[in-house]
Amino acid sequence: MQVYYLSNSGYAVFLKDKLLVFDYYKNTTLDEEKNVNSGVIRKEDLEKKKHVYVFVSHSHPDHFNPVIFDWQEYNNNTYYMLDSDIQNSRGLLNVKNINFFKKGTEFNNGDIFVKAFGSTDIGISFYVETGGIKIFHAGDLNCWHWEDEASKEYAARAREDFLEEIKDIKKDIKTIDLAFFPVDIRLGRKHDEGAKYFIQELKPSIFIPMHSERMDVFSRFKRENNFENTKVICPSVRGDKLL
């Protein structure tokens, strides 16, 4: 397994015969050649694999780029796992193998199992089993308390909503090998509260932070926390190979 940081919440997971791409949105680079080492998926990456699975947790522009629908031209076995809100997007008419998800929706084609869980923003989060590996991508699921700027009532409600979603996930998921989850400095002093609780409750073997392009925030999270059952791995630059 190889894991590359693409940008914001975008990650690519390369397995022996398949490629999984989560929340891809930035398809440009400033100076470097376009390739996975600069955070861009190329047609060569798609052509090499037997199956390509593309996940979009919601329609926010920093999680979704319609360019992903061009990828089916390079691999006929490209499957799209999309939040149901994206069915209103333009350009879907000629796209094959589209699957729309709401919380609780499942997909299983014998090669991959996918289940959608909830979010505390719009959209969904994804649980994926394939090739003996269990992956969780949170999308915008987080404890969005905004405590430094919101009312106490708002922060309390946000925490309650988050705890309910984690409770639902914990009912179904017993093991996570690899988790992608937000660590977003915009939340202020307790910006990592959701991430720490997620690790405490779900105990993923590997935790990779996302939903920011502030690499210093990710590295600080790793430096300031020591989790008994979870290894934290942080990208340092866009296109970083993490595993």
# chains A, B, ... in the order shown; residues from 1 in each chain; ligands from 1

$ residues_around --residues "stretch 189-202 of chain A" --least-positions-apart "6" --cutoff "9 Å" --atoms "only C-alpha atoms" --output "mmCIF file with all heavy atoms, in the first residue's frame"
data_model
loop_
_atom_site.group_PDB
_atom_site.id
_atom_site.type_symbol
_atom_site.label_atom_id
_atom_site.label_comp_id
_atom_site.auth_asym_id
_atom_site.auth_seq_id
_atom_site.Cartn_x
_atom_site.Cartn_y
_atom_site.Cartn_z
ATOM 1 N N LEU A 141 -16.686 15.222 8.643
ATOM 2 C CA LEU A 141 -17.059 14.798 9.991
ATOM 3 C C LEU A 141 -16.008 15.298 10.970
ATOM 4 O O LEU A 141 -14.823 14.956 10.861
ATOM 5 C CB LEU A 141 -17.157 13.272 10.056
ATOM 6 C CG LEU A 141 -17.318 12.668 11.461
ATOM 7 C CD1 LEU A 141 -18.649 13.083 12.079
ATOM 8 C CD2 LEU A 141 -17.189 11.152 11.402
ATOM 9 N N ASN A 142 -16.423 16.099 11.922
ATOM 10 C CA ASN A 142 -15.505 16.626 12.931
ATOM 11 C C ASN A 142 -16.334 17.275 14.042
ATOM 12 O O ASN A 142 -17.542 17.485 13.886
ATOM 13 C CB ASN A 142 -14.552 17.654 12.311
ATOM 14 C CG ASN A 142 -13.359 17.973 13.208
ATOM 15 O OD1 ASN A 142 -13.112 17.304 14.208
ATOM 16 N ND2 ASN A 142 -12.619 19.015 12.851
ATOM 17 N N CYS A 143 -15.677 17.629 15.108
ATOM 18 C CA CYS A 143 -16.328 18.383 16.183
ATOM 19 C C CYS A 143 -16.173 19.876 15.873
ATOM 20 O O CYS A 143 -15.233 20.531 16.335
ATOM 21 C CB CYS A 143 -15.694 18.041 17.529
ATOM 22 S SG CYS A 143 -16.526 18.832 18.924
ATOM 23 N N TRP A 144 -17.105 20.387 15.086
ATOM 24 C CA TRP A 144 -17.025 21.788 14.634
ATOM 25 C C TRP A 144 -17.637 22.702 15.707
ATOM 26 O O TRP A 144 -18.675 23.317 15.497
ATOM 27 C CB TRP A 144 -17.759 21.948 13.310
ATOM 28 C CG TRP A 144 -17.199 21.145 12.173
ATOM 29 C CD1 TRP A 144 -17.776 20.077 11.560
ATOM 30 C CD2 TRP A 144 -15.939 21.347 11.520
ATOM 31 N NE1 TRP A 144 -16.960 19.585 10.563
ATOM 32 C CE2 TRP A 144 -15.823 20.351 10.514
ATOM 33 C CE3 TRP A 144 -14.891 22.258 11.694
ATOM 34 C CZ2 TRP A 144 -14.711 20.256 9.688
ATOM 35 C CZ3 TRP A 144 -13.772 22.151 10.865
ATOM 36 C CH2 TRP A 144 -13.695 21.163 9.878
ATOM 37 N N HIS A 145 -16.968 22.813 16.830
ATOM 38 C CA HIS A 145 -17.529 23.555 17.965
ATOM 39 C C HIS A 145 -17.371 25.071 17.817
ATOM 40 O O HIS A 145 -18.166 25.824 18.375
ATOM 41 C CB HIS A 145 -16.859 23.108 19.263
ATOM 42 C CG HIS A 145 -15.358 23.172 19.227
ATOM 43 N ND1 HIS A 145 -14.663 24.361 19.274
ATOM 44 C CD2 HIS A 145 -14.425 22.190 19.152
ATOM 45 C CE1 HIS A 145 -13.365 24.116 19.233
ATOM 46 N NE2 HIS A 145 -13.185 22.804 19.144
ATOM 47 N N TRP A 146 -16.368 25.532 17.107
ATOM 48 C CA TRP A 146 -16.099 26.971 16.918
ATOM 49 C C TRP A 146 -16.174 27.716 18.260
ATOM 50 O O TRP A 146 -16.738 28.802 18.364
ATOM 51 C CB TRP A 146 -17.066 27.587 15.904
ATOM 52 C CG TRP A 146 -16.995 26.939 14.550
ATOM 53 C CD1 TRP A 146 -17.934 26.128 13.991
ATOM 54 C CD2 TRP A 146 -15.923 27.031 13.606
ATOM 55 N NE1 TRP A 146 -17.523 25.700 12.752
ATOM 56 C CE2 TRP A 146 -16.277 26.238 12.489
ATOM 57 C CE3 TRP A 146 -14.692 27.702 13.590
ATOM 58 C CZ2 TRP A 146 -15.459 26.099 11.369
ATOM 59 C CZ3 TRP A 146 -13.876 27.559 12.480
ATOM 60 C CH2 TRP A 146 -14.256 26.771 11.390
ATOM 61 N N GLU A 147 -15.584 27.094 19.268
ATOM 62 C CA GLU A 147 -15.733 27.585 20.632
ATOM 63 C C GLU A 147 -15.210 29.012 20.835
ATOM 64 O O GLU A 147 -15.732 29.762 21.662
ATOM 65 C CB GLU A 147 -15.014 26.634 21.589
ATOM 66 C CG GLU A 147 -15.258 26.920 23.044
ATOM 67 C CD GLU A 147 -14.657 25.834 23.929
ATOM 68 O OE1 GLU A 147 -13.460 25.936 24.249
ATOM 69 O OE2 GLU A 147 -15.388 24.892 24.278
ATOM 70 N N ASP A 148 -14.191 29.386 20.100
ATOM 71 C CA ASP A 148 -13.604 30.711 20.295
ATOM 72 C C ASP A 148 -14.461 31.840 19.742
ATOM 73 O O ASP A 148 -14.215 33.008 20.035
ATOM 74 C CB ASP A 148 -12.213 30.766 19.644
ATOM 75 C CG ASP A 148 -11.209 29.894 20.384
ATOM 76 O OD1 ASP A 148 -11.549 29.402 21.471
ATOM 77 O OD2 ASP A 148 -10.092 29.706 19.862
ATOM 78 N N ARG A 159 -20.875 19.571 19.796
ATOM 79 C CA ARG A 159 -20.236 18.426 20.458
ATOM 80 C C ARG A 159 -21.206 17.251 20.568
ATOM 81 O O ARG A 159 -20.816 16.095 20.351
ATOM 82 C CB ARG A 159 -19.718 18.830 21.831
ATOM 83 C CG ARG A 159 -18.487 19.722 21.776
ATOM 84 C CD ARG A 159 -17.885 19.969 23.152
ATOM 85 N NE ARG A 159 -16.584 20.617 23.036
ATOM 86 C CZ ARG A 159 -16.402 21.933 23.128
ATOM 87 N NH1 ARG A 159 -17.441 22.736 23.341
ATOM 88 N NH2 ARG A 159 -15.182 22.439 23.004
ATOM 89 N N PHE A 162 -21.523 15.559 17.186
ATOM 90 C CA PHE A 162 -20.317 14.799 16.874
ATOM 91 C C PHE A 162 -20.281 13.487 17.653
ATOM 92 O O PHE A 162 -19.991 12.416 17.086
ATOM 93 C CB PHE A 162 -19.077 15.638 17.182
ATOM 94 C CG PHE A 162 -17.785 14.920 16.970
ATOM 95 C CD1 PHE A 162 -17.366 14.547 15.697
ATOM 96 C CD2 PHE A 162 -16.965 14.598 18.051
ATOM 97 C CE1 PHE A 162 -16.164 13.875 15.506
ATOM 98 C CE2 PHE A 162 -15.772 13.932 17.872
ATOM 99 C CZ PHE A 162 -15.369 13.575 16.596
ATOM 100 N N LEU A 163 -20.580 13.543 18.930
ATOM 101 C CA LEU A 163 -20.567 12.332 19.746
ATOM 102 C C LEU A 163 -21.565 11.303 19.236
ATOM 103 O O LEU A 163 -21.300 10.090 19.265
ATOM 104 C CB LEU A 163 -20.861 12.673 21.210
ATOM 105 C CG LEU A 163 -19.826 13.544 21.939
ATOM 106 C CD1 LEU A 163 -20.272 13.798 23.373
ATOM 107 C CD2 LEU A 163 -18.460 12.889 21.910
ATOM 108 N N ILE A 166 -20.055 9.584 16.127
ATOM 109 C CA ILE A 166 -19.010 8.631 16.524
ATOM 110 C C ILE A 166 -19.635 7.384 17.142
ATOM 111 O O ILE A 166 -19.191 6.250 16.898
ATOM 112 C CB ILE A 166 -18.020 9.283 17.508
ATOM 113 C CG1 ILE A 166 -17.265 10.426 16.833
ATOM 114 C CG2 ILE A 166 -17.037 8.245 18.060
ATOM 115 C CD1 ILE A 166 -16.420 10.018 15.651
ATOM 116 N N LYS A 167 -20.678 7.577 17.916
ATOM 117 C CA LYS A 167 -21.387 6.445 18.523
ATOM 118 C C LYS A 167 -21.945 5.521 17.440
ATOM 119 O O LYS A 167 -21.839 4.291 17.546
ATOM 120 C CB LYS A 167 -22.513 6.963 19.408
ATOM 121 C CG LYS A 167 -23.270 5.899 20.175
ATOM 122 C CD LYS A 167 -24.331 6.539 21.063
ATOM 123 C CE LYS A 167 -25.139 5.487 21.815
ATOM 124 N NZ LYS A 167 -26.181 6.123 22.672
ATOM 125 N N ILE A 169 -20.847 5.163 14.358
ATOM 126 C CA ILE A 169 -19.732 4.493 13.682
ATOM 127 C C ILE A 169 -19.214 3.342 14.534
ATOM 128 O O ILE A 169 -18.956 2.239 14.032
ATOM 129 C CB ILE A 169 -18.604 5.510 13.389
ATOM 130 C CG1 ILE A 169 -19.081 6.566 12.383
ATOM 131 C CG2 ILE A 169 -17.359 4.803 12.853
ATOM 132 C CD1 ILE A 169 -18.174 7.769 12.273
ATOM 133 N N LYS A 170 -19.085 3.596 15.808
ATOM 134 C CA LYS A 170 -18.518 2.595 16.710
ATOM 135 C C LYS A 170 -19.391 1.345 16.806
ATOM 136 O O LYS A 170 -18.893 0.244 17.056
ATOM 137 C CB LYS A 170 -18.328 3.224 18.090
ATOM 138 C CG LYS A 170 -17.372 2.473 19.000
ATOM 139 C CD LYS A 170 -17.115 3.253 20.279
ATOM 140 C CE LYS A 170 -16.214 2.461 21.212
ATOM 141 N NZ LYS A 170 -15.971 3.184 22.477
ATOM 142 N N ILE A 173 -18.235 -0.438 13.252
ATOM 143 C CA ILE A 173 -16.834 -0.621 12.884
ATOM 144 C C ILE A 173 -16.025 -1.024 14.104
ATOM 145 O O ILE A 173 -15.989 -0.305 15.106
ATOM 146 C CB ILE A 173 -16.248 0.659 12.271
ATOM 147 C CG1 ILE A 173 -17.014 1.034 10.998
ATOM 148 C CG2 ILE A 173 -14.773 0.468 11.951
ATOM 149 C CD1 ILE A 173 -16.516 2.296 10.338
ATOM 150 N N LYS A 174 -15.368 -2.151 13.991
ATOM 151 C CA LYS A 174 -14.556 -2.648 15.104
ATOM 152 C C LYS A 174 -13.063 -2.440 14.861
ATOM 153 O O LYS A 174 -12.282 -2.380 15.813
ATOM 154 C CB LYS A 174 -14.823 -4.139 15.329
ATOM 155 C CG LYS A 174 -16.291 -4.469 15.542
ATOM 156 C CD LYS A 174 -16.904 -3.643 16.671
ATOM 157 C CE LYS A 174 -18.385 -3.932 16.837
ATOM 158 N NZ LYS A 174 -19.032 -3.018 17.825
ATOM 159 N N THR A 175 -12.663 -2.339 13.595
ATOM 160 C CA THR A 175 -11.246 -2.205 13.255
ATOM 161 C C THR A 175 -11.073 -1.195 12.138
ATOM 162 O O THR A 175 -11.813 -1.223 11.147
ATOM 163 C CB THR A 175 -10.655 -3.555 12.797
ATOM 164 O OG1 THR A 175 -10.876 -4.546 13.807
ATOM 165 C CG2 THR A 175 -9.162 -3.433 12.528
ATOM 166 N N ILE A 176 -10.115 -0.297 12.296
ATOM 167 C CA ILE A 176 -9.725 0.624 11.222
ATOM 168 C C ILE A 176 -8.207 0.564 11.095
ATOM 169 O O ILE A 176 -7.482 0.819 12.056
ATOM 170 C CB ILE A 176 -10.166 2.073 11.518
ATOM 171 C CG1 ILE A 176 -11.687 2.170 11.612
ATOM 172 C CG2 ILE A 176 -9.640 3.018 10.433
ATOM 173 C CD1 ILE A 176 -12.194 3.551 12.018
ATOM 174 N N PHE A 181 -8.677 12.067 8.904
ATOM 175 C CA PHE A 181 -9.609 12.806 9.746
ATOM 176 C C PHE A 181 -9.135 14.260 9.890
ATOM 177 O O PHE A 181 -7.942 14.524 9.973
ATOM 178 C CB PHE A 181 -9.696 12.153 11.137
ATOM 179 C CG PHE A 181 -10.843 12.633 11.970
ATOM 180 C CD1 PHE A 181 -12.050 11.958 11.964
ATOM 181 C CD2 PHE A 181 -10.727 13.782 12.747
ATOM 182 C CE1 PHE A 181 -13.122 12.402 12.725
ATOM 183 C CE2 PHE A 181 -11.784 14.244 13.510
ATOM 184 C CZ PHE A 181 -12.989 13.554 13.500
ATOM 185 N N PRO A 182 -10.084 15.233 9.958
ATOM 186 C CA PRO A 182 -9.692 16.653 10.014
ATOM 187 C C PRO A 182 -8.941 17.057 11.279
ATOM 188 O O PRO A 182 -9.293 16.652 12.383
ATOM 189 C CB PRO A 182 -11.035 17.393 9.941
ATOM 190 C CG PRO A 182 -11.970 16.435 9.284
ATOM 191 C CD PRO A 182 -11.534 15.083 9.769
ATOM 192 N N VAL A 183 -7.928 17.861 11.084
ATOM 193 C CA VAL A 183 -7.272 18.620 12.152
ATOM 194 C C VAL A 183 -7.159 20.044 11.606
ATOM 195 O O VAL A 183 -6.228 20.362 10.881
ATOM 196 C CB VAL A 183 -5.892 18.050 12.522
ATOM 197 C CG1 VAL A 183 -5.228 18.915 13.599
ATOM 198 C CG2 VAL A 183 -6.012 16.604 13.008
ATOM 199 N N PRO A 209 -3.836 13.124 9.443
ATOM 200 C CA PRO A 209 -4.667 14.330 9.512
ATOM 201 C C PRO A 209 -4.942 14.918 8.136
ATOM 202 O O PRO A 209 -4.182 14.701 7.180
ATOM 203 C CB PRO A 209 -3.828 15.288 10.355
ATOM 204 C CG PRO A 209 -2.419 14.851 10.139
ATOM 205 C CD PRO A 209 -2.476 13.362 9.950
ATOM 206 N N PHE A 221 0.266 18.483 15.954
ATOM 207 C CA PHE A 221 -0.662 17.483 16.490
ATOM 208 C C PHE A 221 0.082 16.193 16.826
ATOM 209 O O PHE A 221 -0.109 15.603 17.902
ATOM 210 C CB PHE A 221 -1.776 17.203 15.474
ATOM 211 C CG PHE A 221 -2.725 16.114 15.887
ATOM 212 C CD1 PHE A 221 -3.729 16.372 16.814
ATOM 213 C CD2 PHE A 221 -2.621 14.840 15.365
ATOM 214 C CE1 PHE A 221 -4.609 15.366 17.209
ATOM 215 C CE2 PHE A 221 -3.500 13.837 15.747
ATOM 216 C CZ PHE A 221 -4.492 14.102 16.670
ATOM 217 N N ASN A 225 0.865 14.850 20.943
ATOM 218 C CA ASN A 225 -0.002 13.740 21.359
ATOM 219 C C ASN A 225 0.718 12.408 21.208
ATOM 220 O O ASN A 225 1.454 12.189 20.244
ATOM 221 C CB ASN A 225 -1.284 13.726 20.518
ATOM 222 C CG ASN A 225 -2.153 14.931 20.776
ATOM 223 O OD1 ASN A 225 -2.832 15.014 21.788
ATOM 224 N ND2 ASN A 225 -2.133 15.897 19.854
ATOM 225 N N PHE A 227 -0.476 8.456 21.334
ATOM 226 C CA PHE A 227 -1.605 7.540 21.428
ATOM 227 C C PHE A 227 -1.086 6.103 21.514
ATOM 228 O O PHE A 227 -0.267 5.683 20.700
ATOM 229 C CB PHE A 227 -2.522 7.703 20.220
ATOM 230 C CG PHE A 227 -3.046 9.105 20.050
ATOM 231 C CD1 PHE A 227 -2.509 9.947 19.086
ATOM 232 C CD2 PHE A 227 -4.054 9.585 20.866
ATOM 233 C CE1 PHE A 227 -2.979 11.241 18.933
ATOM 234 C CE2 PHE A 227 -4.537 10.880 20.719
ATOM 235 C CZ PHE A 227 -3.997 11.709 19.741
ATOM 236 N N ASN A 229 -2.401 3.130 20.913
ATOM 237 C CA ASN A 229 -2.706 2.130 19.889
ATOM 238 C C ASN A 229 -2.686 2.687 18.463
ATOM 239 O O ASN A 229 -3.015 1.968 17.520
ATOM 240 C CB ASN A 229 -4.092 1.541 20.159
ATOM 241 C CG ASN A 229 -4.182 0.856 21.503
ATOM 242 O OD1 ASN A 229 -3.475 -0.115 21.747
ATOM 243 N ND2 ASN A 229 -5.026 1.377 22.385
ATOM 244 N N THR A 230 -2.327 3.948 18.305
ATOM 245 C CA THR A 230 -2.430 4.603 17.007
ATOM 246 C C THR A 230 -1.132 5.318 16.652
ATOM 247 O O THR A 230 -0.584 6.077 17.459
ATOM 248 C CB THR A 230 -3.575 5.632 17.016
ATOM 249 O OG1 THR A 230 -4.810 4.955 17.264
ATOM 250 C CG2 THR A 230 -3.670 6.356 15.686
#

$ residues_around --residues "A:Val67" --least-positions-apart "5" --cutoff "10 Å" --atoms "only C-alpha atoms" --output "VMD selection string"
chain A and resid 24 to 27 91

$ select_by_dssp --residues "stretch 162-236 of chain A" --states "strand (DSSP E or B)" --output "JSON list (two decimals) with N, CA, C and O atoms, in the first residue's frame"
[["chain", "number", "residue", "atom", "x", "y", "z"],
["A", 178, "LEU", "N", -6.50, 2.33, 8.62],
["A", 178, "LEU", "CA", -6.02, 3.63, 8.15],
["A", 178, "LEU", "C", -7.16, 4.63, 8.20],
["A", 178, "LEU", "O", -8.22, 4.39, 7.60],
["A", 179, "ALA", "N", -6.97, 5.73, 8.92],
["A", 179, "ALA", "CA", -8.01, 6.75, 9.05],
["A", 179, "ALA", "C", -7.49, 8.11, 8.59],
["A", 179, "ALA", "O", -6.37, 8.51, 8.92],
["A", 180, "PHE", "N", -8.32, 8.81, 7.83],
["A", 180, "PHE", "CA", -8.08, 10.20, 7.44],
["A", 180, "PHE", "C", -9.13, 11.05, 8.16],
["A", 180, "PHE", "O", -10.33, 10.81, 8.00],
["A", 181, "PHE", "N", -8.68, 12.07, 8.90],
["A", 181, "PHE", "CA", -9.61, 12.81, 9.75],
["A", 181, "PHE", "C", -9.14, 14.26, 9.89],
["A", 181, "PHE", "O", -7.94, 14.52, 9.97],
["A", 182, "PRO", "N", -10.08, 15.23, 9.96],
["A", 182, "PRO", "CA", -9.69, 16.65, 10.01],
["A", 182, "PRO", "C", -8.94, 17.06, 11.28],
["A", 182, "PRO", "O", -9.29, 16.65, 12.38],
["A", 206, "ILE", "N", -3.41, 3.48, 12.02],
["A", 206, "ILE", "CA", -2.70, 4.64, 11.48],
["A", 206, "ILE", "C", -3.69, 5.78, 11.33],
["A", 206, "ILE", "O", -4.79, 5.59, 10.80],
["A", 207, "PHE", "N", -3.31, 6.95, 11.79],
["A", 207, "PHE", "CA", -4.13, 8.15, 11.69],
["A", 207, "PHE", "C", -3.37, 9.19, 10.87],
["A", 207, "PHE", "O", -2.22, 9.53, 11.18],
["A", 208, "ILE", "N", -4.02, 9.72, 9.82],
["A", 208, "ILE", "CA", -3.43, 10.75, 8.98],
["A", 208, "ILE", "C", -4.33, 11.98, 9.01],
["A", 208, "ILE", "O", -5.51, 11.89, 8.63],
["A", 209, "PRO", "N", -3.84, 13.12, 9.44],
["A", 209, "PRO", "CA", -4.67, 14.33, 9.51],
["A", 209, "PRO", "C", -4.94, 14.92, 8.14],
["A", 209, "PRO", "O", -4.18, 14.70, 7.18],
["A", 210, "MET", "N", -6.03, 15.70, 8.05],
["A", 210, "MET", "CA", -6.41, 16.31, 6.77],
["A", 210, "MET", "C", -7.23, 17.57, 7.03],
["A", 210, "MET", "O", -7.32, 18.05, 8.15],
["A", 231, "LYS", "N", -0.67, 5.09, 15.44],
["A", 231, "LYS", "CA", 0.50, 5.80, 14.91],
["A", 231, "LYS", "C", 0.01, 6.97, 14.06],
["A", 231, "LYS", "O", -0.80, 6.79, 13.16],
["A", 232, "VAL", "N", 0.48, 8.17, 14.34],
["A", 232, "VAL", "CA", 0.12, 9.36, 13.58],
["A", 232, "VAL", "C", 1.19, 9.62, 12.53],
["A", 232, "VAL", "O", 2.38, 9.70, 12.86]]

$ atom_distance --atom1 "atom CA of A:Glu44" --atom2 "atom CA of A:Ile133"
24.0 Å

$ residues_around --residues "A:Asn97" --least-positions-apart "2" --cutoff "9 Å" --atoms "only C-alpha atoms" --output "count of residues only"
7

$ closest_residue --among "A:His58, A:Asp161, A:Ala156, A:Glu213" --to "A:Gly239" --atoms "only C-alpha atoms"
A:Glu213

$ residues_around --residues "A:Val36" --least-positions-apart "6" --cutoff "8 Å" --atoms "only C-alpha atoms" --output "VMD selection string"
chain A and resid 4 6 42 239

$ write_last_selection --atoms "N, CA, C and O atoms" --output "compact mmCIF listing (two decimals), in the first residue's frame"
# COMPACT_ATOMS: atom_id res chain seq x y z
N TYR A 4 -0.54 8.83 -0.73
CA TYR A 4 -0.02 10.15 -1.10
C TYR A 4 -1.01 11.23 -0.67
O TYR A 4 -2.22 11.09 -0.85
N LEU A 6 -2.65 14.65 -1.42
CA LEU A 6 -2.93 15.39 -2.63
C LEU A 6 -3.19 16.87 -2.38
O LEU A 6 -2.73 17.71 -3.13
N ARG A 42 -2.55 11.46 -12.66
CA ARG A 42 -2.38 11.48 -14.11
C ARG A 42 -3.06 10.26 -14.74
O ARG A 42 -3.39 9.30 -14.06
N GLY A 239 1.89 16.13 -2.17
CA GLY A 239 2.50 15.04 -2.92
C GLY A 239 3.35 14.13 -2.08
O GLY A 239 3.97 13.18 -2.59

$ atom_distance --atom1 "atom CA of A:Ser125" --atom2 "atom CA of A:Pro235"
21.0 Å

$ closest_residue --among "A:Val52, A:Leu82, A:Val217, A:Val3" --to "A:Leu20" --atoms "only C-alpha atoms"
A:Val52

$ closest_residue --among "A:Leu187, A:Ala138, A:Ala150, A:Ala12" --to "A:Gly123" --atoms "only C-alpha atoms"
A:Ala138

$ select_by_dssp --residues "stretch 76-242 of chain A" --states "helix (DSSP H, G or I)" --output "PyMOL selection string"
chain A and resi 84-88+152-172+185-187+193-202+215-224

$ atom_distance --atom1 "atom CA of A:Tyr127" --atom2 "atom CA of A:Val114"
5.7 Å

$ residues_around --residues "A:Lys103" --least-positions-apart "4" --cutoff "8 Å" --atoms "only C-alpha atoms" --output "PDB file with N, CA, C and O atoms, in the first residue's frame"
ATOM      1  N   ALA A 116     -21.418   4.272   3.824  1.00  0.00           N
ATOM      2  CA  ALA A 116     -21.432   5.692   4.165  1.00  0.00           C
ATOM      3  C   ALA A 116     -21.915   5.890   5.588  1.00  0.00           C
ATOM      4  O   ALA A 116     -22.927   5.320   6.005  1.00  0.00           O
ATOM      5  N   PHE A 117     -21.174   6.700   6.331  1.00  0.00           N
ATOM      6  CA  PHE A 117     -21.592   7.134   7.652  1.00  0.00           C
ATOM      7  C   PHE A 117     -21.879   8.631   7.598  1.00  0.00           C
ATOM      8  O   PHE A 117     -21.751   9.269   6.550  1.00  0.00           O
ATOM      9  N   GLY A 118     -22.267   9.193   8.710  1.00  0.00           N
ATOM     10  CA  GLY A 118     -22.710  10.570   8.718  1.00  0.00           C
ATOM     11  C   GLY A 118     -21.584  11.578   8.768  1.00  0.00           C
ATOM     12  O   GLY A 118     -20.394  11.252   8.805  1.00  0.00           O
ATOM     13  N   ILE A 124     -21.114  13.105   3.730  1.00  0.00           N
ATOM     14  CA  ILE A 124     -20.975  11.819   4.394  1.00  0.00           C
ATOM     15  C   ILE A 124     -19.505  11.556   4.719  1.00  0.00           C
ATOM     16  O   ILE A 124     -18.609  12.293   4.305  1.00  0.00           O
TER      17      ILE A 124
END

$ closest_residue --among "A:Asp177, A:Asp83, A:Asp62, A:Glu106" --to "A:Ser205" --atoms "only C-alpha atoms"
A:Asp177

$ residues_around --residues "A:Val13" --least-positions-apart "2" --cutoff "12 Å" --atoms "only C-alpha atoms" --output "count of residues only"
40
